[in-house]
>>> print(open('target38.txt').read())   # compact mmCIF, C-alpha atoms
# COMPACT_ATOMS: atom_id res chain seq x y z
CA MET A 1 34.54 -53.43 -57.49
CA GLU A 2 31.39 -54.25 -59.45
CA GLU A 3 31.18 -57.69 -60.88
CA ALA A 4 32.96 -57.05 -64.12
CA PRO A 5 32.84 -59.63 -66.85
CA ARG A 6 35.74 -62.02 -66.47
CA GLN A 7 38.64 -61.09 -68.66
CA SER A 8 40.90 -63.48 -70.41
CA TYR A 9 44.55 -62.53 -70.44
CA SER A 10 47.60 -64.11 -71.98
CA ASN A 11 50.59 -64.73 -69.74
CA LYS A 12 52.31 -61.71 -71.23
CA GLU A 13 49.28 -59.52 -70.51
CA ARG A 14 49.10 -60.80 -66.96
CA SER A 15 52.63 -59.91 -66.22
CA ASP A 16 52.27 -56.53 -67.93
CA ILE A 17 49.25 -55.67 -65.83
CA PHE A 18 50.95 -56.88 -62.72
CA ASN A 19 54.15 -54.96 -63.32
CA ASN A 20 52.72 -51.79 -64.80
CA GLU A 21 49.37 -51.40 -63.09
CA PHE A 22 49.70 -53.20 -59.75
CA LEU A 23 53.28 -52.92 -58.56
CA PRO A 24 53.58 -49.12 -58.89
CA HIS A 25 51.17 -48.84 -55.95
CA ILE A 26 53.33 -50.81 -53.58
CA ASN A 27 54.38 -47.82 -51.48
CA SER A 28 50.81 -46.75 -50.87
CA MET A 29 49.79 -50.33 -50.22
CA TYR A 30 52.54 -50.87 -47.70
CA ASN A 31 51.66 -47.69 -45.87
CA PHE A 32 48.00 -48.64 -45.84
CA GLY A 33 48.93 -52.05 -44.44
CA TYR A 34 51.09 -50.43 -41.83
CA ARG A 35 48.44 -47.95 -40.75
CA LEU A 36 45.91 -50.74 -40.41
CA THR A 37 48.08 -53.16 -38.45
CA LEU A 38 50.56 -50.70 -36.88
CA ASP A 39 53.22 -53.33 -37.34
CA ARG A 40 55.78 -53.41 -40.12
CA ASP A 41 56.02 -57.21 -40.36
CA ASP A 42 52.27 -57.60 -40.44
CA ALA A 43 52.08 -54.88 -43.06
CA LYS A 44 54.57 -56.74 -45.19
CA ASP A 45 52.59 -59.98 -44.92
CA LEU A 46 49.37 -58.21 -45.71
CA VAL A 47 50.82 -56.55 -48.81
CA GLN A 48 52.36 -59.79 -49.99
CA ASP A 49 49.10 -61.57 -49.51
CA THR A 50 47.19 -58.85 -51.33
CA TYR A 51 49.44 -58.99 -54.36
CA LEU A 52 49.20 -62.76 -54.54
CA LYS A 53 45.43 -62.53 -54.41
CA ALA A 54 45.42 -59.78 -57.01
CA TYR A 55 47.41 -62.00 -59.32
CA ARG A 56 45.20 -64.99 -58.68
CA PHE A 57 42.08 -62.96 -59.41
CA ILE A 58 43.60 -60.92 -62.19
CA GLU A 59 40.86 -61.98 -64.58
CA SER A 60 38.30 -60.09 -62.53
CA PHE A 61 40.33 -56.97 -63.07
CA GLN A 62 39.58 -54.90 -66.13
CA LYS A 63 42.71 -53.50 -67.71
CA GLY A 64 42.94 -49.73 -67.53
CA THR A 65 40.40 -49.35 -64.69
CA ASN A 66 41.28 -48.08 -61.25
CA ALA A 67 43.89 -50.61 -60.15
CA LYS A 68 44.74 -48.72 -57.00
CA ALA A 69 41.19 -48.77 -55.67
CA TRP A 70 40.89 -52.45 -56.58
CA LEU A 71 44.09 -53.31 -54.72
CA PHE A 72 43.13 -51.25 -51.69
CA ARG A 73 39.87 -53.09 -51.53
CA ILE A 74 41.57 -56.47 -51.57
CA LEU A 75 43.97 -55.36 -48.87
CA LYS A 76 41.18 -54.02 -46.69
CA ASN A 77 39.25 -57.28 -47.06
CA SER A 78 42.30 -59.37 -46.26
CA PHE A 79 42.83 -57.27 -43.20
CA ILE A 80 39.29 -57.80 -41.98
CA ASN A 81 38.99 -61.46 -42.89
CA ASP A 82 42.43 -62.76 -42.05
CA TYR A 83 44.25 -60.39 -39.83
CA ARG A 84 41.52 -58.99 -37.67
CA LYS A 85 40.02 -62.39 -36.97
CA LYS A 86 43.39 -63.73 -36.02
CA SER A 87 44.10 -60.91 -33.62
CA LYS A 88 40.57 -61.27 -32.22
CA GLU A 89 40.24 -57.59 -31.74
CA PRO A 90 36.60 -56.76 -32.12
CA SER A 91 35.64 -53.53 -33.77
CA LYS A 92 35.14 -51.07 -31.03
CA VAL A 93 33.13 -48.53 -32.91
CA ASP A 94 29.43 -48.37 -32.49
CA TYR A 95 28.39 -46.94 -35.81
CA GLN A 96 24.84 -46.44 -34.74
CA GLU A 97 26.16 -44.05 -32.18
CA VAL A 98 28.38 -42.35 -34.72
CA GLU A 99 25.55 -41.86 -37.16
CA THR A 100 23.23 -40.53 -34.50
CA TYR A 101 25.90 -38.21 -33.34
CA TYR A 102 26.46 -36.88 -36.80
CA ASN A 103 22.85 -36.37 -37.58
CA SER A 104 22.02 -34.66 -34.36
CA GLU A 105 21.65 -30.94 -34.37
CA ASP A 106 24.35 -30.57 -31.80
CA VAL A 107 27.04 -31.16 -34.33
CA ASP A 108 27.92 -27.55 -34.92
CA ARG A 109 27.43 -26.42 -31.38
CA GLN A 110 29.56 -29.19 -30.05
CA ILE A 111 32.94 -27.83 -29.10
CA THR A 112 35.37 -28.08 -31.91
CA PRO A 113 38.73 -28.37 -30.25
CA ASP A 114 40.36 -25.02 -30.59
CA LEU A 115 43.45 -25.61 -32.58
CA ARG A 116 45.54 -23.00 -34.25
CA VAL A 117 47.55 -23.17 -37.42
CA GLU A 118 50.63 -21.93 -35.54
CA ALA A 119 50.45 -24.88 -33.17
CA LEU A 120 50.17 -27.27 -36.10
CA GLN A 121 53.14 -25.70 -37.78
CA ASP A 122 55.23 -26.58 -34.75
CA MET A 123 54.32 -30.23 -35.00
CA ILE A 124 57.33 -31.20 -36.97
CA GLY A 125 57.92 -34.58 -35.33
CA ASP A 126 55.71 -37.63 -35.10
CA GLU A 127 52.76 -35.87 -33.52
CA ILE A 128 50.45 -36.18 -36.52
CA SER A 129 51.43 -39.72 -37.24
CA ASN A 130 50.96 -40.75 -33.61
CA ALA A 131 47.65 -38.96 -33.37
CA LEU A 132 46.45 -40.75 -36.48
CA ASN A 133 47.63 -44.13 -35.21
CA ALA A 134 45.82 -43.59 -31.95
CA LEU A 135 42.44 -43.47 -33.68
CA ASP A 136 40.29 -46.53 -33.98
CA VAL A 137 41.16 -48.45 -37.13
CA ASP A 138 37.96 -47.57 -38.99
CA PHE A 139 38.52 -43.88 -38.44
CA ARG A 140 42.19 -44.17 -39.32
CA THR A 141 41.24 -45.86 -42.55
CA VAL A 142 39.00 -43.12 -43.91
CA ILE A 143 41.59 -40.45 -43.19
CA ILE A 144 44.30 -42.40 -44.97
CA LEU A 145 42.12 -43.08 -47.98
CA CYS A 146 40.92 -39.51 -48.28
CA ASP A 147 43.71 -37.25 -47.10
CA LEU A 148 46.76 -39.28 -47.92
CA GLU A 149 45.74 -41.30 -50.93
CA GLY A 150 43.30 -38.78 -52.37
CA PHE A 151 40.46 -41.21 -53.10
CA LYS A 152 37.10 -39.65 -53.91
CA TYR A 153 34.12 -40.42 -51.68
CA GLU A 154 32.69 -42.67 -54.32
CA GLU A 155 35.87 -44.72 -54.54
CA MET A 156 36.07 -44.93 -50.77
CA ALA A 157 32.51 -46.20 -50.65
CA LYS A 158 33.48 -49.01 -53.00
CA ILE A 159 36.70 -49.84 -51.21
CA LEU A 160 34.97 -50.00 -47.85
CA ASP A 161 31.59 -51.37 -48.94
CA ILE A 162 29.66 -48.61 -47.24
CA PRO A 163 27.29 -45.92 -48.57
CA ILE A 164 28.71 -42.51 -49.45
CA GLY A 165 26.75 -40.92 -46.62
CA THR A 166 28.57 -43.17 -44.19
CA VAL A 167 31.92 -42.26 -45.77
CA ARG A 168 31.14 -38.64 -45.09
CA SER A 169 29.95 -39.09 -41.54
CA ARG A 170 32.82 -41.37 -40.65
CA LEU A 171 35.32 -38.93 -42.08
CA HIS A 172 33.75 -36.11 -40.19
CA ARG A 173 33.94 -37.98 -36.91
CA ALA A 174 37.47 -39.17 -37.62
CA ARG A 175 38.68 -35.63 -38.16
CA GLN A 176 36.97 -34.46 -35.04
CA LEU A 177 38.77 -37.11 -33.02
CA LEU A 178 42.07 -36.35 -34.71
CA LYS A 179 41.71 -32.71 -33.81
CA GLU A 180 41.03 -33.58 -30.21
CA LYS A 181 44.30 -35.52 -30.09
CA LEU A 182 46.18 -32.74 -31.80
CA SER A 183 44.86 -30.13 -29.45
CA GLU A 184 46.09 -32.23 -26.53
CA TYR A 185 49.53 -32.14 -28.08
CA ALA A 186 49.21 -28.42 -28.66
CA LYS A 187 48.43 -27.94 -24.99
CA GLN A 188 51.45 -29.98 -24.00
CA MET A 189 53.53 -27.82 -26.28
CA GLY A 190 52.39 -24.79 -24.34
CA TYR A 191 49.73 -23.47 -26.67
CA LYS A 192 46.85 -22.11 -24.66
CA ASN A 193 43.38 -22.51 -26.01
CA THR A 194 42.23 -19.04 -26.75
CA MET B 1 19.79 -7.95 -54.08
CA SER B 2 18.42 -11.31 -53.12
CA GLN B 3 20.63 -13.89 -51.49
CA PRO B 4 21.80 -16.49 -54.04
CA SER B 5 20.26 -19.84 -53.26
CA ASN B 6 22.52 -22.21 -51.37
CA PRO B 7 23.84 -24.87 -53.77
CA PHE B 8 24.60 -27.17 -50.83
CA ILE B 9 20.93 -27.70 -50.04
CA LEU B 10 20.06 -31.33 -50.65
CA ALA B 11 17.28 -32.55 -52.89
CA ASN B 12 15.18 -33.27 -49.82
CA GLY B 13 15.53 -29.68 -48.64
CA THR B 14 18.03 -30.28 -45.83
CA LYS B 15 20.51 -27.52 -45.36
CA PRO B 16 23.95 -28.90 -44.53
CA SER B 17 25.83 -27.49 -41.58
CA CYS B 18 28.94 -25.33 -41.95
CA MET B 19 31.14 -28.29 -41.17
CA GLU B 20 29.49 -30.47 -43.74
CA MET B 21 29.99 -27.79 -46.38
CA LEU B 22 33.58 -27.32 -45.34
CA GLN B 23 34.27 -31.01 -45.64
CA LEU B 24 33.06 -31.14 -49.24
CA ILE B 25 35.25 -28.16 -50.08
CA LEU B 26 38.36 -29.57 -48.45
CA ASP B 27 37.98 -32.96 -50.04
CA GLY B 28 37.54 -31.57 -53.52
CA GLU B 29 34.00 -32.94 -53.72
CA ALA B 30 32.27 -29.58 -54.18
CA SER B 31 30.95 -28.30 -57.50
CA SER B 32 32.20 -24.96 -58.81
CA GLU B 33 28.91 -23.41 -57.78
CA GLN B 34 29.34 -24.71 -54.26
CA LYS B 35 32.93 -23.48 -54.12
CA GLU B 36 31.85 -20.02 -55.11
CA TYR B 37 29.08 -19.98 -52.55
CA PHE B 38 31.38 -21.19 -49.82
CA SER B 39 34.08 -18.67 -50.51
CA SER B 40 31.67 -15.81 -50.01
CA HIS B 41 30.12 -17.58 -47.02
CA MET B 42 33.55 -17.79 -45.42
CA ASP B 43 33.87 -14.00 -45.54
CA LYS B 44 30.94 -13.77 -43.18
CA CYS B 45 31.49 -16.86 -41.06
CA MET B 46 34.43 -16.72 -38.68
CA PRO B 47 34.22 -20.37 -37.50
CA CYS B 48 34.34 -21.53 -41.13
CA PHE B 49 37.22 -19.21 -41.88
CA LYS B 50 39.23 -20.56 -38.95
CA SER B 51 38.36 -24.19 -39.53
CA TYR B 52 39.18 -23.95 -43.19
CA HIS B 53 42.78 -23.03 -42.50
CA VAL B 54 43.27 -25.44 -39.65
CA ASP B 55 41.71 -28.35 -41.53
CA ASN B 56 43.70 -27.61 -44.62
CA LYS B 57 46.89 -27.56 -42.58
CA ILE B 58 46.05 -30.91 -41.01
CA LYS B 59 45.42 -32.41 -44.41
CA GLU B 60 48.75 -31.07 -45.57
CA LEU B 61 50.55 -32.47 -42.53
CA ILE B 62 49.00 -35.89 -43.01
CA LYS B 63 50.28 -35.89 -46.55
CA SER B 64 53.80 -34.99 -45.56
CA LYS B 65 54.11 -36.90 -42.28
CA CYS B 66 52.13 -40.07 -42.64
CA CYS B 67 53.45 -41.71 -45.75
CA GLY B 68 54.84 -44.62 -43.84
CA GLY B 69 58.51 -45.02 -44.59
CA GLN B 70 60.38 -47.37 -46.81
CA VAL B 71 58.88 -50.49 -48.26
CA PRO B 72 61.19 -53.38 -47.30
CA ALA B 73 63.72 -53.71 -50.09
CA ASP B 74 63.08 -57.39 -50.70
CA LEU B 75 59.29 -57.21 -50.78
CA VAL B 76 58.80 -56.78 -54.52
CA ASP B 77 61.27 -59.57 -55.29
CA GLN B 78 59.61 -61.89 -52.82
CA ILE B 79 56.22 -61.27 -54.33
CA LYS B 80 57.53 -61.86 -57.82
CA ALA B 81 59.26 -65.05 -56.77
CA MET B 82 56.10 -66.40 -55.14
CA ILE B 83 54.09 -65.65 -58.23
CA SER B 84 56.47 -67.32 -60.62
CA GLN B 85 56.45 -70.36 -58.34
CA GLN B 86 52.66 -70.41 -58.49
CA THR B 87 52.63 -70.05 -62.23
CA ILE B 88 55.01 -72.95 -62.80
CA SER B 89 53.33 -75.37 -60.41
>>> encode(input="target38.txt", output="C-alpha cells")
Amino acid sequence: MEEAPRQSYSNKERSDIFNNEFLPHINSMYNFGYRLTLDRDDAKDLVQDTYLKAYRFIESFQKGTNAKAWLFRILKNSFINDYRKKSKEPSKVDYQEVETYYNSEDVDRQITPDLRVEALQDMIGDEISNALNALDVDFRTVIILCDLEGFKYEEMAKILDIPIGTVRSRLHRARQLLKEKLSEYAKQMGYKNT
Amino acid sequence: MSQPSNPFILANGTKPSCMEMLQLILDGEASSEQKEYFSSHMDKCMPCFKSYHVDNKIKELIKSKCCGGQVPADLVDQIKAMISQQTIS
C-alpha cells in the first residue's frame, strides 16, 4: 500500500511469511481472479503470477500488516497491466457518467427495481453468481471486495487506487445494476412486481 | 421533544440520501450513533425498511453463492516449486 520502508528478511522469515501470511488467502485470491477474468485457467495464471510477484517484492511487505489487502492489490494490478491489455478489452465504464449519476438528485427517485426477499430466497441456483458475472468488471470488483471479502471502504480505496467517495459511488451503482439483473430473474421465475 | 440531529450529515452540511445511509449501515461503516439514528429512521421510512431486508439478503446470497469453487489442487505446489527454482537460480 503506502511506501513502507524496505524490510530485510532472512530466508527463513521469507518462507514463514509466504506460508503463514500469504498462502492462507489462496482461496479468496483464486475466486477474485476468477471473477475478474471469468475463466478458470486465466484465474490460475493470475494467482500464480501474483504469488510470484508477492515473493519477489516481499521486502516491501511489512510483517503482520494486512497481507490480504496487499495481495489483492497486486492481483488487481496484474489483471489490469497484463491480462486486460492482452485481451484488449477497453474499460467500458464512463466514470464521469457514473459520478454524475450518483450525485444527481434523481438518485432516490429513480426506480429501484422492486425485488422481494421471497424472490431472492428462491434463487438457489446460479442466479446470483451469473448476475454478478454479468456486471462490468469494475462493478463486479467492488461487490466482491465488499460483500464477499469484507474489506472496509478504506482498504478498498487502497486496493483499487481510488478515493473513498468513488468506492462508495461505484458500490452504489454496482448494487443498483445487480438488483436490476436479479429482478429480471425474479420476473422470469414468475414473481410479479408489486 | 426536538428531533435528534442527523449524525449522517457531512461536515459540509450535505444530508445523505436514504440509500447512502443504508449503504453505510449494510457495509458496517456506520458509527454507533448513525446505527441508532438509522434504526429509528427505518421505523418511519418504508422504502428504507424494504431495501434494508432485500439488500441484506443479497449480501448474504453473494457470500454463500459466489465463493468460486475449488482452487486447482496443484496450484499451491506449482507456486512453491516455481519459487524454490527462483531462489536457487
>>> atom_distance(input="target38.txt", atom1="atom CA of A:Met156", atom2="atom CA of A:Ala69")
8.1 Å
>>> residues_around(input="target38.txt", residues="A:Val142", least_positions_apart="6", cutoff="9 Å", atoms="only C-alpha atoms", output="VMD selection string")
chain A and resid 156 160 167 170 to 171 174
>>> closest_residue(input="target38.txt", among="A:Ile26, A:Val137, A:Ile17, A:Ile143", to="A:Gly64", atoms="all atoms listed in the file")
A:Ile17
>>> interface_residues(input="target38.txt", of="chain A", to="chain B", cutoff="8 Å", atoms="all atoms listed in the file", output="ChimeraX atom specification")
/A:23,26-28,30-31,34-35,44,48,51-52,55,108,115-117,120,126,128-129,146-148,152-153,172
>>> atom_distance(input="target38.txt", atom1="atom CA of A:Arg84", atom2="atom CA of A:Leu46")
11.3 Å
>>> atom_distance(input="target38.txt", atom1="atom CA of B:Cys48", atom2="atom CA of A:Asp114")
12.6 Å
>>> residues_near_point(input="target38.txt", point="(26.2, -24.2, -46.4)", cutoff="12 Å", atoms="all atoms listed in the file", output="MDAnalysis selection string")
chainID B and resid 4:10 14:25 30 33:42 44:45 48
>>> closest_residue(input="target38.txt", among="B:Asp43, B:Asp74, B:Ala11, B:Ser84", to="A:Arg56", atoms="all atoms listed in the file")
B:Ser84
>>> closest_residue(input="target38.txt", among="A:Tyr191, A:Tyr185, A:Phe32, A:Tyr9", to="A:Thr141", atoms="only C-alpha atoms")
A:Phe32
>>> decode(input="target38.txt", residues="stretch 144-175 of chain A", atoms="N, CA and C atoms", output="JSON list (two decimals), in the first residue's frame")
[["chain", "number", "residue", "atom", "x", "y", "z"],
["A", 144, "ILE", "N", -17.37, -7.84, -5.00],
["A", 144, "ILE", "CA", -16.56, -8.93, -4.45],
["A", 144, "ILE", "C", -15.78, -8.46, -3.23],
["A", 145, "LEU", "N", -15.09, -7.34, -3.40],
["A", 145, "LEU", "CA", -14.24, -6.87, -2.30],
["A", 145, "LEU", "C", -15.07, -6.56, -1.05],
["A", 146, "CYS", "N", -16.21, -5.95, -1.25],
["A", 146, "CYS", "CA", -17.00, -5.53, -0.10],
["A", 146, "CYS", "C", -17.85, -6.66, 0.47],
["A", 147, "ASP", "N", -18.68, -7.24, -0.38],
["A", 147, "ASP", "CA", -19.68, -8.18, 0.15],
["A", 147, "ASP", "C", -19.11, -9.57, 0.40],
["A", 148, "LEU", "N", -18.20, -9.99, -0.44],
["A", 148, "LEU", "CA", -17.69, -11.34, -0.27],
["A", 148, "LEU", "C", -16.46, -11.37, 0.62],
["A", 149, "GLU", "N", -15.56, -10.45, 0.39],
["A", 149, "GLU", "CA", -14.30, -10.48, 1.15],
["A", 149, "GLU", "C", -14.32, -9.59, 2.38],
["A", 150, "GLY", "N", -15.34, -8.78, 2.51],
["A", 150, "GLY", "CA", -15.49, -7.98, 3.73],
["A", 150, "GLY", "C", -14.44, -6.89, 3.93],
["A", 151, "PHE", "N", -13.86, -6.39, 2.85],
["A", 151, "PHE", "CA", -12.92, -5.28, 3.00],
["A", 151, "PHE", "C", -13.68, -4.01, 3.39],
["A", 152, "LYS", "N", -13.03, -3.17, 4.19],
["A", 152, "LYS", "CA", -13.61, -1.87, 4.53],
["A", 152, "LYS", "C", -13.39, -0.91, 3.37],
["A", 153, "TYR", "N", -14.17, 0.17, 3.35],
["A", 153, "TYR", "CA", -14.04, 1.14, 2.25],
["A", 153, "TYR", "C", -12.59, 1.63, 2.11],
["A", 154, "GLU", "N", -11.98, 1.85, 3.26],
["A", 154, "GLU", "CA", -10.63, 2.39, 3.23],
["A", 154, "GLU", "C", -9.65, 1.41, 2.58],
["A", 155, "GLU", "N", -9.82, 0.14, 2.91],
["A", 155, "GLU", "CA", -8.96, -0.87, 2.30],
["A", 155, "GLU", "C", -9.23, -0.98, 0.80],
["A", 156, "MET", "N", -10.50, -0.90, 0.45],
["A", 156, "MET", "CA", -10.85, -0.98, -0.98],
["A", 156, "MET", "C", -10.24, 0.19, -1.74],
["A", 157, "ALA", "N", -10.27, 1.35, -1.13],
["A", 157, "ALA", "CA", -9.69, 2.52, -1.78],
["A", 157, "ALA", "C", -8.21, 2.29, -2.07],
["A", 158, "LYS", "N", -7.52, 1.64, -1.14],
["A", 158, "LYS", "CA", -6.10, 1.37, -1.34],
["A", 158, "LYS", "C", -5.87, 0.28, -2.38],
["A", 159, "ILE", "N", -6.69, -0.74, -2.33],
["A", 159, "ILE", "CA", -6.54, -1.83, -3.30],
["A", 159, "ILE", "C", -6.78, -1.32, -4.72],
["A", 160, "LEU", "N", -7.76, -0.46, -4.86],
["A", 160, "LEU", "CA", -8.16, -0.02, -6.20],
["A", 160, "LEU", "C", -7.56, 1.31, -6.63],
["A", 161, "ASP", "N", -6.82, 1.95, -5.72],
["A", 161, "ASP", "CA", -6.24, 3.26, -6.03],
["A", 161, "ASP", "C", -7.29, 4.30, -6.43],
["A", 162, "ILE", "N", -8.35, 4.36, -5.70],
["A", 162, "ILE", "CA", -9.39, 5.36, -5.95],
["A", 162, "ILE", "C", -9.80, 5.98, -4.62],
["A", 163, "PRO", "N", -10.35, 7.19, -4.63],
["A", 163, "PRO", "CA", -10.78, 7.81, -3.37],
["A", 163, "PRO", "C", -11.97, 7.06, -2.75],
["A", 164, "ILE", "N", -12.14, 7.20, -1.46],
["A", 164, "ILE", "CA", -13.22, 6.51, -0.76],
["A", 164, "ILE", "C", -14.60, 6.90, -1.33],
["A", 165, "GLY", "N", -14.74, 8.16, -1.68],
["A", 165, "GLY", "CA", -16.01, 8.61, -2.26],
["A", 165, "GLY", "C", -16.35, 7.83, -3.53],
["A", 166, "THR", "N", -15.32, 7.54, -4.30],
["A", 166, "THR", "CA", -15.54, 6.76, -5.52],
["A", 166, "THR", "C", -15.89, 5.31, -5.20],
["A", 167, "VAL", "N", -15.26, 4.77, -4.16],
["A", 167, "VAL", "CA", -15.61, 3.42, -3.71],
["A", 167, "VAL", "C", -17.10, 3.37, -3.43],
["A", 168, "ARG", "N", -17.56, 4.36, -2.69],
["A", 168, "ARG", "CA", -18.97, 4.37, -2.30],
["A", 168, "ARG", "C", -19.90, 4.53, -3.49],
["A", 169, "SER", "N", -19.57, 5.44, -4.38],
["A", 169, "SER", "CA", -20.47, 5.64, -5.51],
["A", 169, "SER", "C", -20.45, 4.44, -6.45],
["A", 170, "ARG", "N", -19.28, 3.86, -6.62],
["A", 170, "ARG", "CA", -19.20, 2.70, -7.51],
["A", 170, "ARG", "C", -19.98, 1.51, -6.94],
["A", 171, "LEU", "N", -19.85, 1.34, -5.64],
["A", 171, "LEU", "CA", -20.58, 0.26, -4.97],
["A", 171, "LEU", "C", -22.08, 0.45, -5.13],
["A", 172, "HIS", "N", -22.48, 1.68, -4.92],
["A", 172, "HIS", "CA", -23.89, 2.01, -5.02],
["A", 172, "HIS", "C", -24.45, 1.66, -6.40],
["A", 173, "ARG", "N", -23.72, 2.09, -7.41],
["A", 173, "ARG", "CA", -24.13, 1.83, -8.78],
["A", 173, "ARG", "C", -24.10, 0.33, -9.08],
["A", 174, "ALA", "N", -23.07, -0.33, -8.60],
["A", 174, "ALA", "CA", -22.93, -1.76, -8.84],
["A", 174, "ALA", "C", -24.12, -2.53, -8.27],
["A", 175, "ARG", "N", -24.53, -2.14, -7.08],
["A", 175, "ARG", "CA", -25.66, -2.84, -6.45],
["A", 175, "ARG", "C", -26.96, -2.58, -7.19]]
